[in-house]
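Worksheet: the structure to be examined is printed underneath.
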Amino acid sequence: MLIIGSGAAGNSLALQLPDDMSVALISKTELHEGSTYYAQGGISAVLSNIDSIDQHVEDTMEAGAGLCKPDVVESIAKESKVIIDWLLEQGVKFTKKNGSSSRDKLHLTQEGGHTYPRIVHAADKTGEAIQESLINKVKKKSNIKLFTHHVAIDLIVSKDKNTNNKKCIGAYVLNKKNNLIDIFQAKFVVLATGGANKVYLYTSNPDTSSGDGIAMAYRAGCDITNMEFMQFHPTCLFHQKAKSFLISESLRGEGGKLLLPNGNSFMHKYDSRGVLAPRDIVARAIDSEMKLHGLDYVLLDISHKKNQFIKQRFPTIYKRCLDFNIDITKDPIPVVPATHYTCGGINIDINAKTNIKNLYAIGEVAHSGLHGANRMASNSLLECIFFSKKVLEDIKNKRKESHSDISNYLDHNKNKNISEEVIIKHSWQEIRTLMWNYVGIVRTNERLLKAKIRVSIYKKEIEDCFNKNIISGDLIELRNLVCIAEIIIISALTRKESRGLHYNLDYPSTKIKGTDTVINIDTKNNIRLYQQK
Ligand code: FAD
Ligand code: SIN
């Protein structure tokens, strides 16, 4: 099996595969690097007596604004206890209520959209705790071969002459250590490459989130669903030198207040749940207040809580803010929204299967139907692990299939020119700025149409550059980034309403019946687009 990506999704799948299965796990930088490592808030799970699976389902569906798939939401909520147990077995050290190690004694915190405290966490560095434990175990398994600094470029897909059915049989991968392109042949390929949030200028995500998996799957012929729903996290640190560092929603869950610089609160004007309303509502409220008062940021204040509590509960946030001379035990934190999560992605069924045979997608790269039009906080890590288990179940009976012939696909290392890195850097910056300014929290038809024209010009230039030049990691990402930008814009233009994370001033109301936006590429590389019923 080839697993592309070593975050919560890729690592948990690799760990569960049988010992006699040979696995290649590839990662484009270091093994730990990816969004998972930076997750702060935690993982939602129904563990307390006052809570119920029905309530978790209801909260998720309410946040998802009419586009969640009820059967998927219910299956995942039901499995949440088992998933937390599995993580404890892997050695993840979650914060406990007291000294006990049992699951019942885990501390549960609150986040936006959740009716009850439901978030299992490791202080404010849940992702780091998960990655450390999983990577530790992955490194010890002899059937898993690790390939760091390897960047997947494209999937290798064969087509049956009689049926025209597609089957994934491997991937082209750039080995950044020697700059050569390797071919990875595999019976099963799993995309676990994370989100596409780097397509915007300001993001809470690390550099790995360039949408590679979604772009590769799109080029290969997968259905890509609901890409207009890019989630903006309401509260990222505003500071010239801080690269959009996240200030966890759990800080509001533990009593943090959102204020204007004059000390007035404002969230009650927008939603009765105040600072703990779902993210789309809080991010839009902040955006609206910033525009109304001409502000660069709003404030998030937890300084009314005890010193000791703040330092113990939020050690990472406390230290990071102190680096910028903000002592959160005394001072409010300047915050702004930034892109955080890709709710859309490669369309998968409940077994994580895409519409291409033997190609699976798990984690943020996928659209499973859990998040709908707006993901509820801390449901993502849960989804990563849930679908890793599903892949395992699905391949059980398929292992005996023979390998496909890959010899037709071996000539990818062609003679090319050295690319001009400066052009790559410029285009990169321009696309991300364009997306931020024209395809942001509040959209209009005019801005989307302008963005579409500009992005199509970049896309042509970049594809040309990709075909003529020696391929580098940056060029691969740029090609994917522009592809993602185009998909987001087309998806946004197709949705003739406002719903969840997609807000268009030209269509401010929400249609009674929600539909998914699905886009696919046909063989002539023209975009075929349709809305599902
Ligand atoms: P990632 O963890 O992003 O891993 C992607 C992997 O794919 C990396 O190994 C990367 O190197 C590799 N990769 C990418 N492209 C290629 C390529 N072309 N070739 C080879 N390898 C490639 N969610 C929650 O549920 N709770 C939280 O508290 C929470 N907090 C968050 C805080 C922050 C700051 C951020 C950014 C996100 C947070 N999220 C949270 C969201 C959650 O962390 C992510 O959705 C989740 O971790 C995604 O996991 P993943 O395995 O799908 O991808
Ligand atoms: C956070 O800690 O605010 C992030 C939680 C999430 O994205 O699920």
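To be explicit about the labels: the chains of the structure tokens are called A, B, and onward in the order shown, and within each one the residues are counted from 1, while ligands get numbers from 1 in the order they are shown.
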
Task: Selection as a ChimeraX atom specification: residues within 8 Å of ligand 2 by only C-alpha atoms and all ligand atoms - done: /A:39-43,111,124,233,235,246-251,340-341,375-381

Step by step, measure atom-to-atom distances between ligand 1 and each residue using only C-alpha atoms and all ligand atoms, keep those at most 6 Å, then write them as a PDB file with N, CA, C and O atoms, in the first residue's frame.
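The resulting file, result-v7.pdb, is shown below:
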```pdb
ATOM      1  N   ILE A   4       0.041   8.411   1.114  1.00  0.00           N
ATOM      2  CA  ILE A   4       0.673   9.713   0.862  1.00  0.00           C
ATOM      3  C   ILE A   4       0.216  10.665   1.965  1.00  0.00           C
ATOM      4  O   ILE A   4      -0.931  11.105   1.971  1.00  0.00           O
ATOM      5  N   GLY A   5       1.109  10.933   2.921  1.00  0.00           N
ATOM      6  CA  GLY A   5       0.785  11.831   4.026  1.00  0.00           C
ATOM      7  C   GLY A   5       0.932  11.174   5.381  1.00  0.00           C
ATOM      8  O   GLY A   5       0.438  10.071   5.596  1.00  0.00           O
ATOM      9  N   SER A   6       1.636  11.863   6.273  1.00  0.00           N
ATOM     10  CA  SER A   6       1.908  11.272   7.594  1.00  0.00           C
ATOM     11  C   SER A   6       1.355  12.147   8.717  1.00  0.00           C
ATOM     12  O   SER A   6       2.041  12.428   9.688  1.00  0.00           O
ATOM     13  N   GLY A   7       0.092  12.565   8.564  1.00  0.00           N
ATOM     14  CA  GLY A   7      -0.604  13.249   9.655  1.00  0.00           C
ATOM     15  C   GLY A   7      -1.425  12.236  10.434  1.00  0.00           C
ATOM     16  O   GLY A   7      -1.173  11.021  10.352  1.00  0.00           O
ATOM     17  N   ALA A   8      -2.434  12.726  11.171  1.00  0.00           N
ATOM     18  CA  ALA A   8      -3.278  11.818  11.968  1.00  0.00           C
ATOM     19  C   ALA A   8      -3.891  10.736  11.084  1.00  0.00           C
ATOM     20  O   ALA A   8      -3.969   9.562  11.472  1.00  0.00           O
ATOM     21  N   ALA A   9      -4.309  11.113   9.864  1.00  0.00           N
ATOM     22  CA  ALA A   9      -4.981  10.149   8.989  1.00  0.00           C
ATOM     23  C   ALA A   9      -3.988   9.082   8.494  1.00  0.00           C
ATOM     24  O   ALA A   9      -4.207   7.882   8.694  1.00  0.00           O
ATOM     25  N   GLY A  10      -2.905   9.518   7.866  1.00  0.00           N
ATOM     26  CA  GLY A  10      -1.939   8.572   7.291  1.00  0.00           C
ATOM     27  C   GLY A  10      -1.284   7.701   8.351  1.00  0.00           C
ATOM     28  O   GLY A  10      -1.170   6.478   8.187  1.00  0.00           O
ATOM     29  N   ILE A  26       4.704   8.134   2.709  1.00  0.00           N
ATOM     30  CA  ILE A  26       5.531   9.254   2.250  1.00  0.00           C
ATOM     31  C   ILE A  26       5.011  10.589   2.782  1.00  0.00           C
ATOM     32  O   ILE A  26       3.833  10.774   3.023  1.00  0.00           O
ATOM     33  N   SER A  27       5.973  11.475   2.957  1.00  0.00           N
ATOM     34  CA  SER A  27       5.675  12.747   3.578  1.00  0.00           C
ATOM     35  C   SER A  27       6.556  13.796   2.917  1.00  0.00           C
ATOM     36  O   SER A  27       7.730  13.530   2.644  1.00  0.00           O
ATOM     37  N   LYS A  28       5.994  14.986   2.648  1.00  0.00           N
ATOM     38  CA  LYS A  28       6.799  15.874   1.799  1.00  0.00           C
ATOM     39  C   LYS A  28       7.872  16.642   2.552  1.00  0.00           C
ATOM     40  O   LYS A  28       8.746  17.228   1.938  1.00  0.00           O
ATOM     41  N   THR A  29       7.787  16.686   3.871  1.00  0.00           N
ATOM     42  CA  THR A  29       8.921  17.247   4.629  1.00  0.00           C
ATOM     43  C   THR A  29       9.288  16.243   5.728  1.00  0.00           C
ATOM     44  O   THR A  29       9.494  15.081   5.439  1.00  0.00           O
ATOM     45  N   LEU A  31       8.460  13.909   9.071  1.00  0.00           N
ATOM     46  CA  LEU A  31       7.307  13.042   9.333  1.00  0.00           C
ATOM     47  C   LEU A  31       6.213  13.732  10.158  1.00  0.00           C
ATOM     48  O   LEU A  31       5.023  13.536   9.926  1.00  0.00           O
ATOM     49  N   GLU A  33       5.504  16.943  10.346  1.00  0.00           N
ATOM     50  CA  GLU A  33       5.002  18.234   9.860  1.00  0.00           C
ATOM     51  C   GLU A  33       3.692  18.094   9.084  1.00  0.00           C
ATOM     52  O   GLU A  33       3.563  17.278   8.182  1.00  0.00           O
ATOM     53  N   GLY A  34       2.737  18.925   9.425  1.00  0.00           N
ATOM     54  CA  GLY A  34       1.402  18.898   8.829  1.00  0.00           C
ATOM     55  C   GLY A  34       0.457  19.517   9.845  1.00  0.00           C
ATOM     56  O   GLY A  34       0.867  19.835  10.970  1.00  0.00           O
ATOM     57  N   SER A  35      -0.794  19.710   9.484  1.00  0.00           N
ATOM     58  CA  SER A  35      -1.735  20.383  10.392  1.00  0.00           C
ATOM     59  C   SER A  35      -1.895  19.633  11.708  1.00  0.00           C
ATOM     60  O   SER A  35      -2.068  20.247  12.764  1.00  0.00           O
ATOM     61  N   THR A  36      -1.860  18.310  11.645  1.00  0.00           N
ATOM     62  CA  THR A  36      -2.109  17.534  12.871  1.00  0.00           C
ATOM     63  C   THR A  36      -1.225  18.016  14.013  1.00  0.00           C
ATOM     64  O   THR A  36      -1.694  18.202  15.147  1.00  0.00           O
ATOM     65  N   TYR A  38      -0.103  20.757  14.796  1.00  0.00           N
ATOM     66  CA  TYR A  38      -0.424  22.066  15.389  1.00  0.00           C
ATOM     67  C   TYR A  38      -1.816  22.119  16.023  1.00  0.00           C
ATOM     68  O   TYR A  38      -2.231  23.168  16.512  1.00  0.00           O
ATOM     69  N   ALA A  39      -2.543  20.997  15.972  1.00  0.00           N
ATOM     70  CA  ALA A  39      -3.907  21.009  16.531  1.00  0.00           C
ATOM     71  C   ALA A  39      -3.838  21.353  18.010  1.00  0.00           C
ATOM     72  O   ALA A  39      -3.021  20.810  18.752  1.00  0.00           O
ATOM     73  N   GLN A  40      -4.700  22.261  18.406  1.00  0.00           N
ATOM     74  CA  GLN A  40      -4.650  22.737  19.794  1.00  0.00           C
ATOM     75  C   GLN A  40      -5.831  22.204  20.590  1.00  0.00           C
ATOM     76  O   GLN A  40      -5.681  21.502  21.590  1.00  0.00           O
ATOM     77  N   GLY A  41      -7.057  22.579  20.160  1.00  0.00           N
ATOM     78  CA  GLY A  41      -8.280  22.352  20.951  1.00  0.00           C
ATOM     79  C   GLY A  41      -8.469  20.927  21.415  1.00  0.00           C
ATOM     80  O   GLY A  41      -8.578  20.655  22.608  1.00  0.00           O
ATOM     81  N   GLY A  42      -8.538  19.961  20.501  1.00  0.00           N
ATOM     82  CA  GLY A  42      -8.686  18.556  20.898  1.00  0.00           C
ATOM     83  C   GLY A  42      -9.548  17.749  19.951  1.00  0.00           C
ATOM     84  O   GLY A  42      -9.697  18.094  18.785  1.00  0.00           O
ATOM     85  N   ILE A  43     -10.120  16.648  20.497  1.00  0.00           N
ATOM     86  CA  ILE A  43     -10.951  15.748  19.691  1.00  0.00           C
ATOM     87  C   ILE A  43     -12.294  15.596  20.375  1.00  0.00           C
ATOM     88  O   ILE A  43     -12.365  15.286  21.575  1.00  0.00           O
ATOM     89  N   HIS A 150       9.724  13.444   0.276  1.00  0.00           N
ATOM     90  CA  HIS A 150       9.253  12.905  -1.006  1.00  0.00           C
ATOM     91  C   HIS A 150       7.908  13.572  -1.309  1.00  0.00           C
ATOM     92  O   HIS A 150       6.999  13.512  -0.472  1.00  0.00           O
ATOM     93  N   VAL A 151       7.806  14.189  -2.487  1.00  0.00           N
ATOM     94  CA  VAL A 151       6.569  14.909  -2.823  1.00  0.00           C
ATOM     95  C   VAL A 151       5.835  14.185  -3.953  1.00  0.00           C
ATOM     96  O   VAL A 151       6.379  14.065  -5.063  1.00  0.00           O
ATOM     97  N   ALA A 152       4.639  13.732  -3.677  1.00  0.00           N
ATOM     98  CA  ALA A 152       3.845  13.087  -4.735  1.00  0.00           C
ATOM     99  C   ALA A 152       3.461  14.156  -5.760  1.00  0.00           C
ATOM    100  O   ALA A 152       3.045  15.261  -5.392  1.00  0.00           O
ATOM    101  N   ILE A 153       3.615  13.809  -7.031  1.00  0.00           N
ATOM    102  CA  ILE A 153       3.329  14.783  -8.102  1.00  0.00           C
ATOM    103  C   ILE A 153       1.958  14.488  -8.708  1.00  0.00           C
ATOM    104  O   ILE A 153       1.109  15.360  -8.805  1.00  0.00           O
ATOM    105  N   ALA A 192      -3.700  11.051   1.959  1.00  0.00           N
ATOM    106  CA  ALA A 192      -3.904  11.559   3.332  1.00  0.00           C
ATOM    107  C   ALA A 192      -3.092  12.840   3.463  1.00  0.00           C
ATOM    108  O   ALA A 192      -2.347  13.041   4.419  1.00  0.00           O
ATOM    109  N   THR A 193      -3.242  13.697   2.452  1.00  0.00           N
ATOM    110  CA  THR A 193      -2.341  14.843   2.284  1.00  0.00           C
ATOM    111  C   THR A 193      -2.818  16.134   2.956  1.00  0.00           C
ATOM    112  O   THR A 193      -2.198  17.174   2.794  1.00  0.00           O
ATOM    113  N   GLY A 194      -3.925  16.081   3.686  1.00  0.00           N
ATOM    114  CA  GLY A 194      -4.383  17.269   4.406  1.00  0.00           C
ATOM    115  C   GLY A 194      -5.101  18.267   3.506  1.00  0.00           C
ATOM    116  O   GLY A 194      -5.476  17.956   2.369  1.00  0.00           O
ATOM    117  N   SER A 204      -3.949  29.582   9.316  1.00  0.00           N
ATOM    118  CA  SER A 204      -3.423  28.994  10.552  1.00  0.00           C
ATOM    119  C   SER A 204      -2.559  27.766  10.243  1.00  0.00           C
ATOM    120  O   SER A 204      -1.944  27.193  11.126  1.00  0.00           O
ATOM    121  N   ASN A 205      -2.559  27.345   8.973  1.00  0.00           N
ATOM    122  CA  ASN A 205      -1.953  26.054   8.614  1.00  0.00           C
ATOM    123  C   ASN A 205      -0.460  26.130   8.330  1.00  0.00           C
ATOM    124  O   ASN A 205       0.044  27.185   7.912  1.00  0.00           O
ATOM    125  N   THR A 208       2.615  22.779   4.512  1.00  0.00           N
ATOM    126  CA  THR A 208       2.273  21.534   3.804  1.00  0.00           C
ATOM    127  C   THR A 208       0.872  21.561   3.189  1.00  0.00           C
ATOM    128  O   THR A 208       0.582  20.783   2.286  1.00  0.00           O
ATOM    129  N   ASP A 212      -2.335  19.449  -2.366  1.00  0.00           N
ATOM    130  CA  ASP A 212      -1.755  18.532  -3.367  1.00  0.00           C
ATOM    131  C   ASP A 212      -2.666  17.334  -3.665  1.00  0.00           C
ATOM    132  O   ASP A 212      -2.873  16.973  -4.825  1.00  0.00           O
ATOM    133  N   LEU A 246      -2.513  30.246  15.674  1.00  0.00           N
ATOM    134  CA  LEU A 246      -3.900  30.036  16.114  1.00  0.00           C
ATOM    135  C   LEU A 246      -4.063  30.302  17.610  1.00  0.00           C
ATOM    136  O   LEU A 246      -3.230  29.901  18.418  1.00  0.00           O
ATOM    137  N   HIS A 340      -8.479  28.154   7.793  1.00  0.00           N
ATOM    138  CA  HIS A 340      -8.109  27.138   8.784  1.00  0.00           C
ATOM    139  C   HIS A 340      -8.391  25.712   8.330  1.00  0.00           C
ATOM    140  O   HIS A 340      -7.621  24.805   8.608  1.00  0.00           O
ATOM    141  N   GLY A 363      -9.024  11.865   5.948  1.00  0.00           N
ATOM    142  CA  GLY A 363      -8.578  13.082   6.633  1.00  0.00           C
ATOM    143  C   GLY A 363      -9.077  14.321   5.918  1.00  0.00           C
ATOM    144  O   GLY A 363     -10.070  14.295   5.182  1.00  0.00           O
ATOM    145  N   GLU A 364      -8.351  15.419   6.107  1.00  0.00           N
ATOM    146  CA  GLU A 364      -8.838  16.719   5.605  1.00  0.00           C
ATOM    147  C   GLU A 364      -8.924  16.769   4.075  1.00  0.00           C
ATOM    148  O   GLU A 364      -9.695  17.552   3.526  1.00  0.00           O
ATOM    149  N   VAL A 365      -8.154  15.925   3.404  1.00  0.00           N
ATOM    150  CA  VAL A 365      -8.177  15.921   1.928  1.00  0.00           C
ATOM    151  C   VAL A 365      -9.529  15.464   1.375  1.00  0.00           C
ATOM    152  O   VAL A 365      -9.884  15.757   0.243  1.00  0.00           O
ATOM    153  N   SER A 378     -13.129  20.503  16.418  1.00  0.00           N
ATOM    154  CA  SER A 378     -12.613  19.241  16.971  1.00  0.00           C
ATOM    155  C   SER A 378     -13.247  17.976  16.408  1.00  0.00           C
ATOM    156  O   SER A 378     -13.037  16.888  16.926  1.00  0.00           O
ATOM    157  N   ASN A 379     -14.001  18.114  15.315  1.00  0.00           N
ATOM    158  CA  ASN A 379     -14.529  16.924  14.639  1.00  0.00           C
ATOM    159  C   ASN A 379     -13.551  16.371  13.607  1.00  0.00           C
ATOM    160  O   ASN A 379     -13.778  15.306  13.052  1.00  0.00           O
ATOM    161  N   SER A 380     -12.476  17.124  13.334  1.00  0.00           N
ATOM    162  CA  SER A 380     -11.624  16.727  12.218  1.00  0.00           C
ATOM    163  C   SER A 380     -10.673  15.577  12.562  1.00  0.00           C
ATOM    164  O   SER A 380     -10.541  14.616  11.801  1.00  0.00           O
ATOM    165  N   LEU A 381     -10.032  15.689  13.714  1.00  0.00           N
ATOM    166  CA  LEU A 381      -9.110  14.611  14.102  1.00  0.00           C
ATOM    167  C   LEU A 381      -9.884  13.297  14.245  1.00  0.00           C
ATOM    168  O   LEU A 381      -9.397  12.217  13.900  1.00  0.00           O
ATOM    169  N   CYS A 384     -10.357  11.835  10.847  1.00  0.00           N
ATOM    170  CA  CYS A 384      -9.107  11.243  10.312  1.00  0.00           C
ATOM    171  C   CYS A 384      -8.997   9.779  10.752  1.00  0.00           C
ATOM    172  O   CYS A 384      -8.710   8.896   9.946  1.00  0.00           O
TER     173      CYS A 384
END
```

Open item on the list: I need the residue nearest Glu383 in chain A from this list: A:Lys78, A:Tyr200, A:Phe147, A:Val336. Use only C-alpha atoms for the distance.
Closed with: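 Among the listed residues, the smallest separation from Glu383 in chain A belongs to A:Lys78.
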
- [ ] Write out as a ChimeraX atom specification the residues lying within 12 Å of Val120 in chain A, counting only C-alpha atoms and excluding same-chain residues fewer than 4 positions away.
- [x] /A:40-48,80-81,83-85,87-88,92-97,103-111,124-127,129-130,250,377-379,381-382

Task: Interatomic distance (Å, one decimal) between CA of His304 in chain A and CA of Thr339 in chain A - done: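 CA of Thr339 in chain A lies 28.5 Å from CA of His304 in chain A.
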
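The set of residues in range 57-141 of chain A assigned to strand (DSSP E or B) by DSSP, using only backbone atoms of this structure, is Lys96, Leu106, Leu108, Thr109, Ile119 and Val120 of chain A.
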
TODO: Would you mind listing what lies within 9 Å of Phe266 in chain A as a PyMOL selection string, with only C-alpha atoms counted and same-chain residues fewer than 6 positions away left out?
DONE: chain A and resi 258-260+274-275+285-286+289

How would the residues just chosen look if you wrote them out with N, CA and C atoms as an mmCIF file, in the first residue's frame?
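The file below, result.cif, is the result:
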```cif
data_model
loop_
_atom_site.group_PDB
_atom_site.id
_atom_site.type_symbol
_atom_site.label_atom_id
_atom_site.label_comp_id
_atom_site.auth_asym_id
_atom_site.auth_seq_id
_atom_site.Cartn_x
_atom_site.Cartn_y
_atom_site.Cartn_z
ATOM 1 N N LEU A 258 -14.634 38.018 23.518
ATOM 2 C CA LEU A 258 -14.270 38.775 22.311
ATOM 3 C C LEU A 258 -14.721 40.219 22.487
ATOM 4 N N LEU A 259 -13.789 41.151 22.288
ATOM 5 C CA LEU A 259 -14.079 42.560 22.559
ATOM 6 C C LEU A 259 -13.585 43.451 21.421
ATOM 7 N N LEU A 260 -14.214 44.614 21.304
ATOM 8 C CA LEU A 260 -13.668 45.652 20.421
ATOM 9 C C LEU A 260 -12.553 46.356 21.191
ATOM 10 N N GLY A 274 -23.353 33.647 21.552
ATOM 11 C CA GLY A 274 -22.227 34.550 21.796
ATOM 12 C C GLY A 274 -20.923 34.020 21.231
ATOM 13 N N VAL A 275 -19.849 34.059 22.042
ATOM 14 C CA VAL A 275 -18.517 33.693 21.538
ATOM 15 C C VAL A 275 -18.405 32.209 21.197
ATOM 16 N N ALA A 285 -18.897 37.704 12.019
ATOM 17 C CA ALA A 285 -19.168 38.802 12.957
ATOM 18 C C ALA A 285 -17.908 39.646 13.137
ATOM 19 N N ILE A 286 -16.770 38.996 13.305
ATOM 20 C CA ILE A 286 -15.509 39.741 13.487
ATOM 21 C C ILE A 286 -15.196 40.546 12.220
ATOM 22 N N GLU A 289 -17.463 43.573 12.123
ATOM 23 C CA GLU A 289 -17.088 44.624 13.090
ATOM 24 C C GLU A 289 -15.807 45.340 12.635
#
```

TODO: Enter the distance from CA of Ser22 in chain A to CA of Ile476 in chain A, in Å, rounded to one decimal.
DONE: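 According to the coordinates, CA of Ser22 in chain A and CA of Ile476 in chain A are separated by 27.2 Å.
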